[in-house]
Structures are given as structure tokens and as C-alpha cells.
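Everything on this sheet refers to the single structure shown next.
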Amino acid sequence: MEVKIGVQHAPREIVLESGESAEEVERVVAEALAGKTQLLSLTDEHGRKVLVPADRLAYVELGEAAPRKVGFGAL
């Protein structure tokens, strides 16, 4: 699933492909926003971990991963 994270005072958003379900990502984000943890921690499909301070979160957008197109054919 595709996750987009907006960070306050940052010109670009963080985009990652996560193997977790939408419910799992939503739970982790809710815990960070509730103050249970100080960092939002997500792992992408390649095992890289993304850490964002919870007090700097602007938004988190959850969406389904789009299939990647291969080739140079005209659509």
C-alpha cells in the first residue's frame, strides 16, 4: 500500500510502499498522534525504516499501490 506523509516545514512529502495493511498503518499513526509514541515508525517493502517525529506530522494519506507499467507502448 502507498503511504504519503506530510511533514511540517518540509517542502516535499515522504512517499513509501508499505507491506502492512491500511488498518495496521492507521493504528500506528493514531498511536503517534495520541502521544503514546514520540515517533511515527513505518517500514517499506525493502525493509527500510522511516521515522518521523509525531509532533511534526501534517498529514498521512493511505492509498492502494498502483501497478507499475513496463515498456514503451502507447496507451
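Note on naming: chains are A, B, ... as they come in the C-alpha cells, residues start from 1 per chain, ligands start from 1 in the order shown.
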
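Among the residues of chain A, backbone DSSP assigns alpha helix (DSSP H) to Ala22, Glu23, Glu24, Val25, Glu26, Arg27, Val28, Val29, Ala30, Glu31, Ala32, Leu33 and Ala34 of chain A.
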
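Selecting strand (DSSP E) from the backbone DSSP output for chain A yields Glu2, Val3, Lys4, Ile5, Gly6, Val7, Ile14, Val15, Leu16, Glu17, Leu39, Leu40, Ser41, Leu42, Thr43, Lys49, Val50, Leu51, Val52, Pro53, Leu57, Ala58, Tyr59, Val60, Glu61, Leu62 and Gly63 of chain A.
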
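Using only C-alpha atoms, the smallest distance between any of A:Glu20, A:Asp55, A:Asp44, A:Glu64 and Gln8 of chain A comes from A:Asp55.
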
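The list of residues with at least one atom within 8 Å of Ser41 of chain A, based on only C-alpha atoms and without residues fewer than 5 positions apart in the same chain, reads Val28, Lys49, Val50, Leu51 and Val52 of chain A.
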
*Which polymer residues have any atom within 10 Å of an atom of Ile14 of chain A, counting only C-alpha atoms, with same-chain residues fewer than 2 positions away left out, as a list in words?*
Val3, Lys4, Ile5, Gly6, Val7, Ala10, Arg12, Leu16, Val50, Val52 and Val60 of chain A

Could you save the residues just selected, with all heavy atoms, as a PDB file, in the first residue's frame?
ATOM      1  N   VAL A   3       1.832   4.952   1.082  1.00  0.00           N
ATOM      2  CA  VAL A   3       1.645   5.853   2.214  1.00  0.00           C
ATOM      3  C   VAL A   3       2.365   7.158   1.901  1.00  0.00           C
ATOM      4  O   VAL A   3       3.546   7.156   1.563  1.00  0.00           O
ATOM      5  CB  VAL A   3       2.215   5.234   3.519  1.00  0.00           C
ATOM      6  CG1 VAL A   3       2.004   6.182   4.686  1.00  0.00           C
ATOM      7  CG2 VAL A   3       1.604   3.886   3.799  1.00  0.00           C
ATOM      8  N   LYS A   4       1.644   8.280   1.994  1.00  0.00           N
ATOM      9  CA  LYS A   4       2.235   9.607   1.819  1.00  0.00           C
ATOM     10  C   LYS A   4       2.163  10.322   3.156  1.00  0.00           C
ATOM     11  O   LYS A   4       1.110  10.387   3.780  1.00  0.00           O
ATOM     12  CB  LYS A   4       1.476  10.421   0.775  1.00  0.00           C
ATOM     13  CG  LYS A   4       1.593   9.885  -0.619  1.00  0.00           C
ATOM     14  CD  LYS A   4       0.850  10.762  -1.607  1.00  0.00           C
ATOM     15  CE  LYS A   4       0.930  10.176  -3.001  1.00  0.00           C
ATOM     16  NZ  LYS A   4       0.182  10.992  -3.974  1.00  0.00           N
ATOM     17  N   ILE A   5       3.313  10.870   3.572  1.00  0.00           N
ATOM     18  CA  ILE A   5       3.394  11.545   4.867  1.00  0.00           C
ATOM     19  C   ILE A   5       3.826  12.981   4.633  1.00  0.00           C
ATOM     20  O   ILE A   5       4.877  13.236   4.052  1.00  0.00           O
ATOM     21  CB  ILE A   5       4.416  10.839   5.785  1.00  0.00           C
ATOM     22  CG1 ILE A   5       4.055   9.378   5.964  1.00  0.00           C
ATOM     23  CG2 ILE A   5       4.493  11.554   7.134  1.00  0.00           C
ATOM     24  CD1 ILE A   5       5.134   8.557   6.634  1.00  0.00           C
ATOM     25  N   GLY A   6       3.007  13.905   5.078  1.00  0.00           N
ATOM     26  CA  GLY A   6       3.354  15.314   5.028  1.00  0.00           C
ATOM     27  C   GLY A   6       3.997  15.720   6.338  1.00  0.00           C
ATOM     28  O   GLY A   6       3.506  15.382   7.411  1.00  0.00           O
ATOM     29  N   VAL A   7       5.113  16.426   6.252  1.00  0.00           N
ATOM     30  CA  VAL A   7       5.850  16.861   7.444  1.00  0.00           C
ATOM     31  C   VAL A   7       5.834  18.387   7.477  1.00  0.00           C
ATOM     32  O   VAL A   7       6.086  19.042   6.465  1.00  0.00           O
ATOM     33  CB  VAL A   7       7.305  16.336   7.409  1.00  0.00           C
ATOM     34  CG1 VAL A   7       8.059  16.763   8.657  1.00  0.00           C
ATOM     35  CG2 VAL A   7       7.327  14.824   7.258  1.00  0.00           C
ATOM     36  N   ALA A  10       8.455  21.117   5.773  1.00  0.00           N
ATOM     37  CA  ALA A  10       9.229  20.366   4.772  1.00  0.00           C
ATOM     38  C   ALA A  10       8.542  20.564   3.426  1.00  0.00           C
ATOM     39  O   ALA A  10       7.322  20.404   3.326  1.00  0.00           O
ATOM     40  CB  ALA A  10       9.296  18.896   5.120  1.00  0.00           C
ATOM     41  N   ARG A  12       8.632  18.807   0.696  1.00  0.00           N
ATOM     42  CA  ARG A  12       8.200  17.605  -0.016  1.00  0.00           C
ATOM     43  C   ARG A  12       7.613  16.599   0.954  1.00  0.00           C
ATOM     44  O   ARG A  12       7.981  16.550   2.121  1.00  0.00           O
ATOM     45  CB  ARG A  12       9.391  16.976  -0.743  1.00  0.00           C
ATOM     46  CG  ARG A  12       9.996  17.921  -1.763  1.00  0.00           C
ATOM     47  CD  ARG A  12      11.172  17.306  -2.434  1.00  0.00           C
ATOM     48  NE  ARG A  12      10.699  16.300  -3.384  1.00  0.00           N
ATOM     49  CZ  ARG A  12      11.490  15.513  -4.066  1.00  0.00           C
ATOM     50  NH1 ARG A  12      12.794  15.577  -3.907  1.00  0.00           N
ATOM     51  NH2 ARG A  12      11.002  14.643  -4.918  1.00  0.00           N
ATOM     52  N   LEU A  16       6.133   6.170   0.523  1.00  0.00           N
ATOM     53  CA  LEU A  16       6.712   4.840   0.631  1.00  0.00           C
ATOM     54  C   LEU A  16       5.657   3.783   0.345  1.00  0.00           C
ATOM     55  O   LEU A  16       4.474   4.020   0.501  1.00  0.00           O
ATOM     56  CB  LEU A  16       7.346   4.616   2.013  1.00  0.00           C
ATOM     57  CG  LEU A  16       6.429   4.634   3.231  1.00  0.00           C
ATOM     58  CD1 LEU A  16       6.288   3.224   3.780  1.00  0.00           C
ATOM     59  CD2 LEU A  16       7.017   5.518   4.284  1.00  0.00           C
ATOM     60  N   VAL A  50      11.308   4.278   8.142  1.00  0.00           N
ATOM     61  CA  VAL A  50      11.105   5.723   8.086  1.00  0.00           C
ATOM     62  C   VAL A  50      10.608   6.168   9.450  1.00  0.00           C
ATOM     63  O   VAL A  50       9.624   5.643   9.959  1.00  0.00           O
ATOM     64  CB  VAL A  50      10.075   6.099   6.989  1.00  0.00           C
ATOM     65  CG1 VAL A  50       9.784   7.575   7.011  1.00  0.00           C
ATOM     66  CG2 VAL A  50      10.551   5.654   5.630  1.00  0.00           C
ATOM     67  N   VAL A  52       9.474   9.555  11.702  1.00  0.00           N
ATOM     68  CA  VAL A  52       9.053  10.957  11.648  1.00  0.00           C
ATOM     69  C   VAL A  52       8.602  11.358  13.054  1.00  0.00           C
ATOM     70  O   VAL A  52       7.804  10.647  13.666  1.00  0.00           O
ATOM     71  CB  VAL A  52       7.886  11.151  10.643  1.00  0.00           C
ATOM     72  CG1 VAL A  52       7.449  12.599  10.605  1.00  0.00           C
ATOM     73  CG2 VAL A  52       8.255  10.657   9.259  1.00  0.00           C
ATOM     74  N   VAL A  60      -1.229  12.226   6.864  1.00  0.00           N
ATOM     75  CA  VAL A  60      -0.847  10.901   6.378  1.00  0.00           C
ATOM     76  C   VAL A  60      -1.948  10.440   5.443  1.00  0.00           C
ATOM     77  O   VAL A  60      -3.119  10.430   5.821  1.00  0.00           O
ATOM     78  CB  VAL A  60      -0.670   9.887   7.533  1.00  0.00           C
ATOM     79  CG1 VAL A  60      -0.340   8.503   6.990  1.00  0.00           C
ATOM     80  CG2 VAL A  60       0.406  10.350   8.498  1.00  0.00           C
TER      81      VAL A  60
END

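Residue neighbourhood of Val25 of chain A, excluding near-sequence residues (fewer than 4 positions): A:Val3, A:Ser18, A:Glu20, A:Ser21, A:Val29, A:Ala30, A:Leu42, A:Leu62, at 9 Å, using only C-alpha atoms.
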
Let me see the file: selected residues, all heavy atoms, as an mmCIF file, in the first residue's frame.
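Saved as out_16.cif:
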data_model
loop_
_atom_site.group_PDB
_atom_site.id
_atom_site.type_symbol
_atom_site.label_atom_id
_atom_site.label_comp_id
_atom_site.auth_asym_id
_atom_site.auth_seq_id
_atom_site.Cartn_x
_atom_site.Cartn_y
_atom_site.Cartn_z
ATOM 1 N N VAL A 3 1.832 4.952 1.082
ATOM 2 C CA VAL A 3 1.645 5.853 2.214
ATOM 3 C C VAL A 3 2.365 7.158 1.901
ATOM 4 O O VAL A 3 3.546 7.156 1.563
ATOM 5 C CB VAL A 3 2.215 5.234 3.519
ATOM 6 C CG1 VAL A 3 2.004 6.182 4.686
ATOM 7 C CG2 VAL A 3 1.604 3.886 3.799
ATOM 8 N N SER A 18 4.346 0.334 1.592
ATOM 9 C CA SER A 18 4.392 -0.485 2.793
ATOM 10 C C SER A 18 3.688 -1.814 2.545
ATOM 11 O O SER A 18 2.673 -1.866 1.848
ATOM 12 C CB SER A 18 3.711 0.253 3.947
ATOM 13 O OG SER A 18 3.662 -0.557 5.100
ATOM 14 N N GLU A 20 2.344 -3.416 4.991
ATOM 15 C CA GLU A 20 1.338 -3.508 6.048
ATOM 16 C C GLU A 20 -0.053 -3.161 5.515
ATOM 17 O O GLU A 20 -0.192 -2.486 4.503
ATOM 18 C CB GLU A 20 1.704 -2.571 7.190
ATOM 19 C CG GLU A 20 3.034 -2.889 7.837
ATOM 20 C CD GLU A 20 3.412 -1.893 8.909
ATOM 21 O OE1 GLU A 20 2.636 -0.953 9.159
ATOM 22 O OE2 GLU A 20 4.486 -2.057 9.479
ATOM 23 N N SER A 21 -1.069 -3.601 6.219
ATOM 24 C CA SER A 21 -2.439 -3.289 5.817
ATOM 25 C C SER A 21 -2.788 -1.857 6.229
ATOM 26 O O SER A 21 -2.097 -1.235 7.046
ATOM 27 C CB SER A 21 -3.417 -4.262 6.485
ATOM 28 O OG SER A 21 -3.477 -4.019 7.880
ATOM 29 N N VAL A 29 -0.240 5.274 13.188
ATOM 30 C CA VAL A 29 -0.385 6.731 13.084
ATOM 31 C C VAL A 29 -1.214 7.265 14.255
ATOM 32 O O VAL A 29 -0.863 8.274 14.870
ATOM 33 C CB VAL A 29 -1.019 7.128 11.730
ATOM 34 C CG1 VAL A 29 -1.376 8.603 11.708
ATOM 35 C CG2 VAL A 29 -0.078 6.779 10.586
ATOM 36 N N ALA A 30 -2.299 6.585 14.598
ATOM 37 C CA ALA A 30 -3.158 7.022 15.704
ATOM 38 C C ALA A 30 -2.393 7.003 17.026
ATOM 39 O O ALA A 30 -2.549 7.917 17.847
ATOM 40 C CB ALA A 30 -4.394 6.142 15.792
ATOM 41 N N LEU A 42 7.489 3.586 10.303
ATOM 42 C CA LEU A 42 6.937 2.696 9.281
ATOM 43 C C LEU A 42 8.084 2.047 8.520
ATOM 44 O O LEU A 42 9.142 2.658 8.336
ATOM 45 C CB LEU A 42 6.050 3.476 8.306
ATOM 46 C CG LEU A 42 4.789 4.099 8.885
ATOM 47 C CD1 LEU A 42 4.117 4.994 7.849
ATOM 48 C CD2 LEU A 42 3.823 3.028 9.351
ATOM 49 N N LEU A 62 -3.318 7.410 2.976
ATOM 50 C CA LEU A 62 -3.218 5.980 2.684
ATOM 51 C C LEU A 62 -3.913 5.692 1.371
ATOM 52 O O LEU A 62 -5.013 6.166 1.129
ATOM 53 C CB LEU A 62 -3.870 5.152 3.799
ATOM 54 C CG LEU A 62 -3.378 5.404 5.220
ATOM 55 C CD1 LEU A 62 -4.191 4.583 6.201
ATOM 56 C CD2 LEU A 62 -1.916 5.083 5.336
#
